[in-house]
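Worksheet for the structure shown next.
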There are 2 protein chains.
Amino acid sequence: MTRPRQPTRIQARNRAAILEAALDVFSALGYRGATVDRIATAAGLSKPNLLYYFPSKEAIHEELLGRLLDTWLDPLRALDPEGDPLEEILAYVRRKLEMSRDYPRESRLFANEIVQGAPRIHAILSTDLKALVDEKAALLARWMEEGRIARVHPYHLIFSIWSLTQHYADFDVQVRAVLGSEDPFAGAPEFVETLYRRLLTPG
Amino acid sequence: MTRPRQPTRIQARNRAAILEAALDVFSALGYRGATVDRIATAAGLSKPNLLYYFPSKEAIHEELLGRLLDTWLDPLRALDPEGDPLEEILAYVRRKLEMSRDYPRESRLFANEIVQGAPRIHAILSTDLKALVDEKAALLARWMEEGRIARVHPYHLIFSIWSLTQHYADFDVQVRAVLGSEDPFAGAPEFVETLYRRLLTPG
DNA sequence: GAATGATTTGACCAACTGGTCAAAGCAACG
DNA sequence: CGTTGCTTTGACCAGTTGGTCAAATCATTC
């Protein structure tokens with residue numbers, strides 16, 4: 001009977017290289033556009049060698065999505081019921097915008113998946129994600145009732161933050177094509193801060 | 001020497017059916033995920049028959065993108081320099097939101113293309129699209145200088161409208177997963193109207 | 001209704017893709 | 001240094017895909 005063993009140094013290095021390469025390729029070409037051979041080459045391995053570490057292309061994709069989803073939702077989890085409402089929300093927006101700037105591949109990986117109907121993570125969306133959003137939407141609603149931020153639809157508020165911030169990663173080429181040489185992330189933080197301040201300041 | 005002839009009734013019908021089917025398939029599966037056979041079947045034709053009307057899969061995709069880009073940008077073109085600034089912008093936002101609701105496939109077709117680096121329409125983005133946005137951003141800037149709407153970064157303002165409204169089409173499954181049974185388009189128009197009113201009302 | 005051109009199809013092909021496998025290479029440990 | 005188990009690879013396979021082609025069918029027009 002084979003027991004699970006401590007992963008070798010080589011195993012750790014190669015699995016990490018594969019996931020890194022796969023993130024590159026999947027986020028740029030989508031699941032179908034990505035080929036195992038391309039991922040393998042990008043990871044510095046041969047195709048059969050890659051398949052020695054992961055049983056299938058699908059398995060790599062799943063592992064990537066699962067691993068990243070947690071990190072991706074951390075900023076929303078961090079929304080603190082005890083903090084100052086407006087500042088908490090602005091911190092969330094800022095953090096999301098930074099992630100869009102610093103981890104655009106992760107954003108595009110999800111975008112690719114969701115635009116095509118989220119065939120692989122639909123279940124997670126309607127359970128885990130929904131639960132988290134429900135909780136935070138309730139928190140926002142409470143703040144609104146207490147008159148600490150202006151009254152708006154809490155779910156649509158969250159959607160607006162997602163769309164606004166991730167737009168800079170997901171639609172990067174479009175944004176850059178329109179802006180020409182100007183750096184998208186120069187004006188963005190100021191813009192979104194102004195937007196949510198004006199939207200949410202009570203009265 | 002063969003001359004271009006008047007397209008037959010059959011030609012008109014079949015080409016239309018193909019483009020309609022292709023919009024369905026491309027928007028759901030992306031360029032790579034879509035197969036010629038699938039498009040053909042969806043159009044009620046055999047694969048060789050489809051290739052009698054279009055020389056290649058690529059050609060169908062190009063024709064679709066080109067055809068739709070114009071319609072897609074019409075609302076922005078309609079932004080009227082003579083109208084009331086805030087009402088013009090709100091009308092634009094409303095129109096975009098309606099298109100997201102009524103033509104989600106078109107939205108997702110572009111989303112798919114742009115998320116993957118817009119390999120096929122990059123040139124158009126940095127010429128035609130940029131020119132149009134430059135023009136309208138200048139108009140917005142003028143309105144801001146005249147004190148008729150609040151001062152914000154005009155380009156980011158336009159990006160925010162795109163991202164907010166198209167989010168409901170492009171990320172439809174996510175939105176629905178989170179909202180459960182509630183219709184996304186119930187609360188959305190009111191939310192975005194409030195958002196842009198508060199953002200742009202001067203003073 | 002015969003001739004002409006438009007339309008449709010089955011059979012086919014070459015390229016690509018995900019995945020397998022047996023054998024070879026390699027590292028570590030006694 | 002030989003054994004053991006981990007790692008790597010070349011050769012291969014079956015299924016899919018975009019696209020071709022000659023032949024058959026259909027519609028139109030004279």
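All residue names refer to the structure tokens as shown: chains lettered A, B, ... in order, residues numbered from 1 in each chain, ligands numbered from 1 in order.
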
Query raised in the report: Which of segment 16-124 of chain A counts as alpha helix (DSSP H) under DSSP, as a PyMOL selection string please?
Result: chain A and resi 16-33+36-42+47-53+57-77+85-102+104-115+122-124

Restricting the output to C-alpha atoms, write the selected residues as a tab-separated table (two decimals), in the first residue's frame.
```tsv
chain	number	residue	atom	x	y	z
A	16	ALA	CA	5.02	25.67	-8.45
A	17	ALA	CA	6.55	26.33	-11.88
A	18	ILE	CA	3.62	24.59	-13.55
A	19	LEU	CA	1.01	26.59	-11.67
A	20	GLU	CA	2.84	29.82	-12.40
A	21	ALA	CA	3.11	28.98	-16.10
A	22	ALA	CA	-0.51	27.82	-16.20
A	23	LEU	CA	-1.69	31.09	-14.69
A	24	ASP	CA	0.13	32.90	-17.46
A	25	VAL	CA	-1.30	30.80	-20.23
A	26	PHE	CA	-4.84	30.29	-18.93
A	27	SER	CA	-5.30	33.97	-18.15
A	28	ALA	CA	-4.07	34.99	-21.59
A	29	LEU	CA	-5.83	32.39	-23.74
A	30	GLY	CA	-8.68	30.99	-21.68
A	31	TYR	CA	-9.16	27.34	-20.81
A	32	ARG	CA	-9.70	26.13	-24.34
A	33	GLY	CA	-7.03	28.30	-25.88
A	36	VAL	CA	-0.86	21.49	-22.21
A	37	ASP	CA	2.21	21.72	-24.40
A	38	ARG	CA	2.30	25.49	-24.09
A	39	ILE	CA	1.99	25.38	-20.33
A	40	ALA	CA	4.69	22.72	-20.14
A	41	THR	CA	7.08	24.73	-22.29
A	42	ALA	CA	6.41	27.87	-20.27
A	47	LYS	CA	4.46	17.66	-21.89
A	48	PRO	CA	4.67	14.13	-20.47
A	49	ASN	CA	6.75	15.47	-17.64
A	50	LEU	CA	4.08	18.01	-16.77
A	51	LEU	CA	1.51	15.25	-16.81
A	52	TYR	CA	3.64	13.40	-14.30
A	53	TYR	CA	2.88	16.15	-11.79
A	57	LYS	CA	-5.12	19.97	-17.87
A	58	GLU	CA	-8.43	20.20	-16.06
A	59	ALA	CA	-6.75	19.38	-12.75
A	60	ILE	CA	-4.26	22.23	-13.14
A	61	HIS	CA	-7.06	24.63	-13.91
A	62	GLU	CA	-9.09	23.53	-10.93
A	63	GLU	CA	-6.17	23.80	-8.56
A	64	LEU	CA	-5.43	27.30	-9.82
A	65	LEU	CA	-9.02	28.49	-9.46
A	66	GLY	CA	-9.44	27.00	-6.03
A	67	ARG	CA	-6.15	28.37	-4.76
A	68	LEU	CA	-6.81	31.88	-6.07
A	69	LEU	CA	-10.45	32.29	-5.15
A	70	ASP	CA	-9.61	32.54	-1.48
A	71	THR	CA	-6.98	35.21	-1.95
A	72	TRP	CA	-9.25	37.01	-4.31
A	73	LEU	CA	-12.02	37.35	-1.78
A	74	ASP	CA	-9.81	38.24	1.18
A	75	PRO	CA	-10.32	42.00	0.83
A	76	LEU	CA	-14.08	41.58	1.07
A	77	ARG	CA	-13.70	39.33	4.10
A	85	PRO	CA	-18.10	52.49	7.49
A	86	LEU	CA	-16.95	54.84	4.75
A	87	GLU	CA	-13.28	54.26	5.49
A	88	GLU	CA	-13.80	50.51	5.52
A	89	ILE	CA	-15.44	50.62	2.12
A	90	LEU	CA	-12.83	52.93	0.68
A	91	ALA	CA	-10.08	50.66	1.99
A	92	TYR	CA	-11.82	47.74	0.29
A	93	VAL	CA	-12.02	49.62	-2.99
A	94	ARG	CA	-8.39	50.66	-2.77
A	95	ARG	CA	-7.28	47.13	-2.00
A	96	LYS	CA	-9.27	45.72	-4.93
A	97	LEU	CA	-7.76	48.30	-7.25
A	98	GLU	CA	-4.27	47.39	-6.10
A	99	MET	CA	-4.98	43.74	-6.75
A	100	SER	CA	-6.20	44.61	-10.22
A	101	ARG	CA	-2.91	46.40	-10.82
A	102	ASP	CA	-0.61	43.86	-9.17
A	104	PRO	CA	-4.07	41.17	-13.40
A	105	ARG	CA	-3.56	37.56	-14.47
A	106	GLU	CA	-5.59	36.31	-11.54
A	107	SER	CA	-8.37	38.75	-12.40
A	108	ARG	CA	-8.40	37.67	-16.02
A	109	LEU	CA	-8.40	34.01	-15.06
A	110	PHE	CA	-11.69	34.53	-13.23
A	111	ALA	CA	-13.03	36.84	-15.91
A	112	ASN	CA	-12.40	34.21	-18.57
A	113	GLU	CA	-14.12	31.60	-16.47
A	114	ILE	CA	-17.15	33.68	-15.59
A	115	VAL	CA	-17.74	35.25	-18.99
A	122	HIS	CA	-20.61	27.75	-10.58
A	123	ALA	CA	-21.26	25.70	-7.47
A	124	ILE	CA	-18.79	27.74	-5.40
```

Query raised in the report: Taking only C-alpha atoms (C1' of nucleotides) into account, which residues of chain D are within 9 Å of chain B, as a VMD selection string?
Result: chain D and resid 17 to 20

Tell me, counting only C-alpha atoms (C1' of nucleotides), for each residue of chain C within 10 Å of chain B, which pair of atoms is nearest and how far apart they are in Å to one decimal, in rows ordered by chain and increasing number, as JSON lines.
```
{"residue": "C:DA6", "atom": "C1'", "partner": "B:Thr8", "partner_atom": "CA", "distance": 8.7}
{"residue": "C:DT7", "atom": "C1'", "partner": "B:Asn49", "partner_atom": "CA", "distance": 8.1}
{"residue": "C:DT8", "atom": "C1'", "partner": "B:Asn49", "partner_atom": "CA", "distance": 6.2}
{"residue": "C:DT9", "atom": "C1'", "partner": "B:Pro48", "partner_atom": "CA", "distance": 7.6}
{"residue": "C:DG10", "atom": "C1'", "partner": "B:Pro48", "partner_atom": "CA", "distance": 9.9}
```

Taking all heavy atoms for each residue, export the selection above as a CSV table (one decimal), in the first residue's frame.
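Written file, part-v8.csv:
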```csv
chain,number,residue,atom,x,y,z
C,6,DA,P,-24.2,31.3,-59.9
C,6,DA,OP1,-24.1,32.8,-59.9
C,6,DA,OP2,-23.0,30.5,-60.0
C,6,DA,O5',-25.1,30.9,-58.6
C,6,DA,C5',-26.4,31.3,-58.5
C,6,DA,C4',-27.1,30.3,-57.6
C,6,DA,O4',-27.2,29.0,-58.1
C,6,DA,C3',-26.5,30.3,-56.2
C,6,DA,O3',-27.5,30.4,-55.2
C,6,DA,C2',-25.8,28.9,-56.2
C,6,DA,C1',-26.7,28.1,-57.1
C,6,DA,N9,-26.1,27.0,-57.8
C,6,DA,C8,-25.0,27.1,-58.7
C,6,DA,N7,-24.7,25.9,-59.2
C,6,DA,C5,-25.5,25.0,-58.6
C,6,DA,C6,-25.7,23.6,-58.7
C,6,DA,N6,-24.9,22.9,-59.4
C,6,DA,N1,-26.6,23.0,-57.9
C,6,DA,C2,-27.4,23.8,-57.1
C,6,DA,N3,-27.4,25.1,-57.0
C,6,DA,C4,-26.4,25.6,-57.7
C,7,DT,P,-27.1,30.4,-53.7
C,7,DT,OP1,-28.2,31.1,-53.0
C,7,DT,OP2,-25.7,30.9,-53.6
C,7,DT,O5',-27.2,28.9,-53.3
C,7,DT,C5',-28.4,28.3,-53.3
C,7,DT,C4',-28.3,26.8,-52.9
C,7,DT,O4',-27.4,26.1,-53.8
C,7,DT,C3',-27.7,26.5,-51.5
C,7,DT,O3',-28.7,25.9,-50.7
C,7,DT,C2',-26.5,25.6,-51.8
C,7,DT,C1',-26.8,25.1,-53.1
C,7,DT,N1,-25.7,24.6,-54.0
C,7,DT,C2,-25.6,23.3,-54.3
C,7,DT,O2,-26.4,22.4,-53.9
C,7,DT,N3,-24.6,22.9,-55.2
C,7,DT,C4,-23.7,23.8,-55.7
C,7,DT,O4,-22.8,23.4,-56.5
C,7,DT,C5,-23.8,25.2,-55.4
C,7,DT,C7,-22.9,26.2,-56.0
C,7,DT,C6,-24.8,25.5,-54.6
C,8,DT,P,-28.4,25.6,-49.2
C,8,DT,OP1,-29.8,25.6,-48.6
C,8,DT,OP2,-27.4,26.5,-48.7
C,8,DT,O5',-27.9,24.1,-49.2
C,8,DT,C5',-28.7,23.1,-49.7
C,8,DT,C4',-28.0,21.8,-49.8
C,8,DT,O4',-26.9,21.8,-50.8
C,8,DT,C3',-27.3,21.4,-48.5
C,8,DT,O3',-27.9,20.3,-47.9
C,8,DT,C2',-25.8,21.1,-48.9
C,8,DT,C1',-25.9,21.0,-50.4
C,8,DT,N1,-24.7,21.3,-51.2
C,8,DT,C2,-24.1,20.4,-52.0
C,8,DT,O2,-24.5,19.2,-52.1
C,8,DT,N3,-23.0,20.9,-52.7
C,8,DT,C4,-22.5,22.1,-52.7
C,8,DT,O4,-21.5,22.4,-53.3
C,8,DT,C5,-23.2,23.1,-51.8
C,8,DT,C7,-22.7,24.5,-51.7
C,8,DT,C6,-24.2,22.6,-51.1
C,9,DT,P,-27.4,19.7,-46.5
C,9,DT,OP1,-28.6,19.1,-45.9
C,9,DT,OP2,-26.7,20.7,-45.8
C,9,DT,O5',-26.4,18.6,-47.0
C,9,DT,C5',-26.9,17.6,-47.9
C,9,DT,C4',-25.7,16.7,-48.3
C,9,DT,O4',-24.8,17.4,-49.2
C,9,DT,C3',-24.9,16.2,-47.2
C,9,DT,O3',-25.1,14.8,-47.1
C,9,DT,C2',-23.5,16.6,-47.5
C,9,DT,C1',-23.5,16.9,-49.0
C,9,DT,N1,-22.6,18.0,-49.4
C,9,DT,C2,-21.7,17.7,-50.4
C,9,DT,O2,-21.6,16.6,-51.0
C,9,DT,N3,-20.9,18.7,-50.8
C,9,DT,C4,-20.8,20.0,-50.2
C,9,DT,O4,-20.0,20.8,-50.6
C,9,DT,C5,-21.8,20.2,-49.1
C,9,DT,C7,-21.9,21.5,-48.5
C,9,DT,C6,-22.6,19.2,-48.8
C,10,DG,P,-24.8,14.0,-45.8
C,10,DG,OP1,-26.0,13.3,-45.4
C,10,DG,OP2,-24.1,14.9,-44.8
C,10,DG,O5',-23.7,12.9,-46.3
C,10,DG,C5',-23.9,12.3,-47.6
C,10,DG,C4',-22.6,11.6,-48.0
C,10,DG,O4',-21.8,12.6,-48.5
C,10,DG,C3',-21.9,10.9,-46.9
C,10,DG,O3',-21.3,9.7,-47.5
C,10,DG,C2',-20.8,11.9,-46.5
C,10,DG,C1',-20.6,12.7,-47.8
C,10,DG,N9,-20.2,14.1,-47.6
C,10,DG,C8,-20.8,14.9,-46.6
C,10,DG,N7,-20.3,16.2,-46.7
C,10,DG,C5,-19.4,16.1,-47.8
C,10,DG,C6,-18.6,17.1,-48.4
C,10,DG,O6,-18.5,18.3,-48.0
C,10,DG,N1,-17.9,16.7,-49.4
C,10,DG,C2,-17.9,15.4,-49.9
C,10,DG,N2,-17.1,15.1,-51.0
C,10,DG,N3,-18.7,14.4,-49.4
C,10,DG,C4,-19.4,14.9,-48.3
```

Report task. Find the residues of chain A in contact range of chain B, meaning any atom within 7 Å when counting only C-alpha atoms, and list them as an MDAnalysis selection string. Result -> chainID A and resid 28:29 32:33 108 112 114:117 125:126 129:130 152:153 156 160 163:164 167 170:171 173:174 177:178 188 191 195 198:199

Report task. For atom C1' of DA27 of chain D and atom CA of Gly44 of chain B, determine how far apart the two atoms are, in Å to one decimal place. Result ->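 We find that atom C1' of DA27 of chain D and atom CA of Gly44 of chain B lie 19.6 Å from each other.
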
Requested in this report: For atom CA of Glu135 of chain A and atom CA of Pro202 of chain A, quote the distance in Å rounded to one decimal.
Outcome: 22.0 Å

Report task. Between atom CA of Gly147 of chain B and atom CA of Leu79 of chain B, measure the distance and give it in Å to one decimal. Result ->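 Atom CA of Leu79 of chain B lies 17.9 Å from atom CA of Gly147 of chain B.
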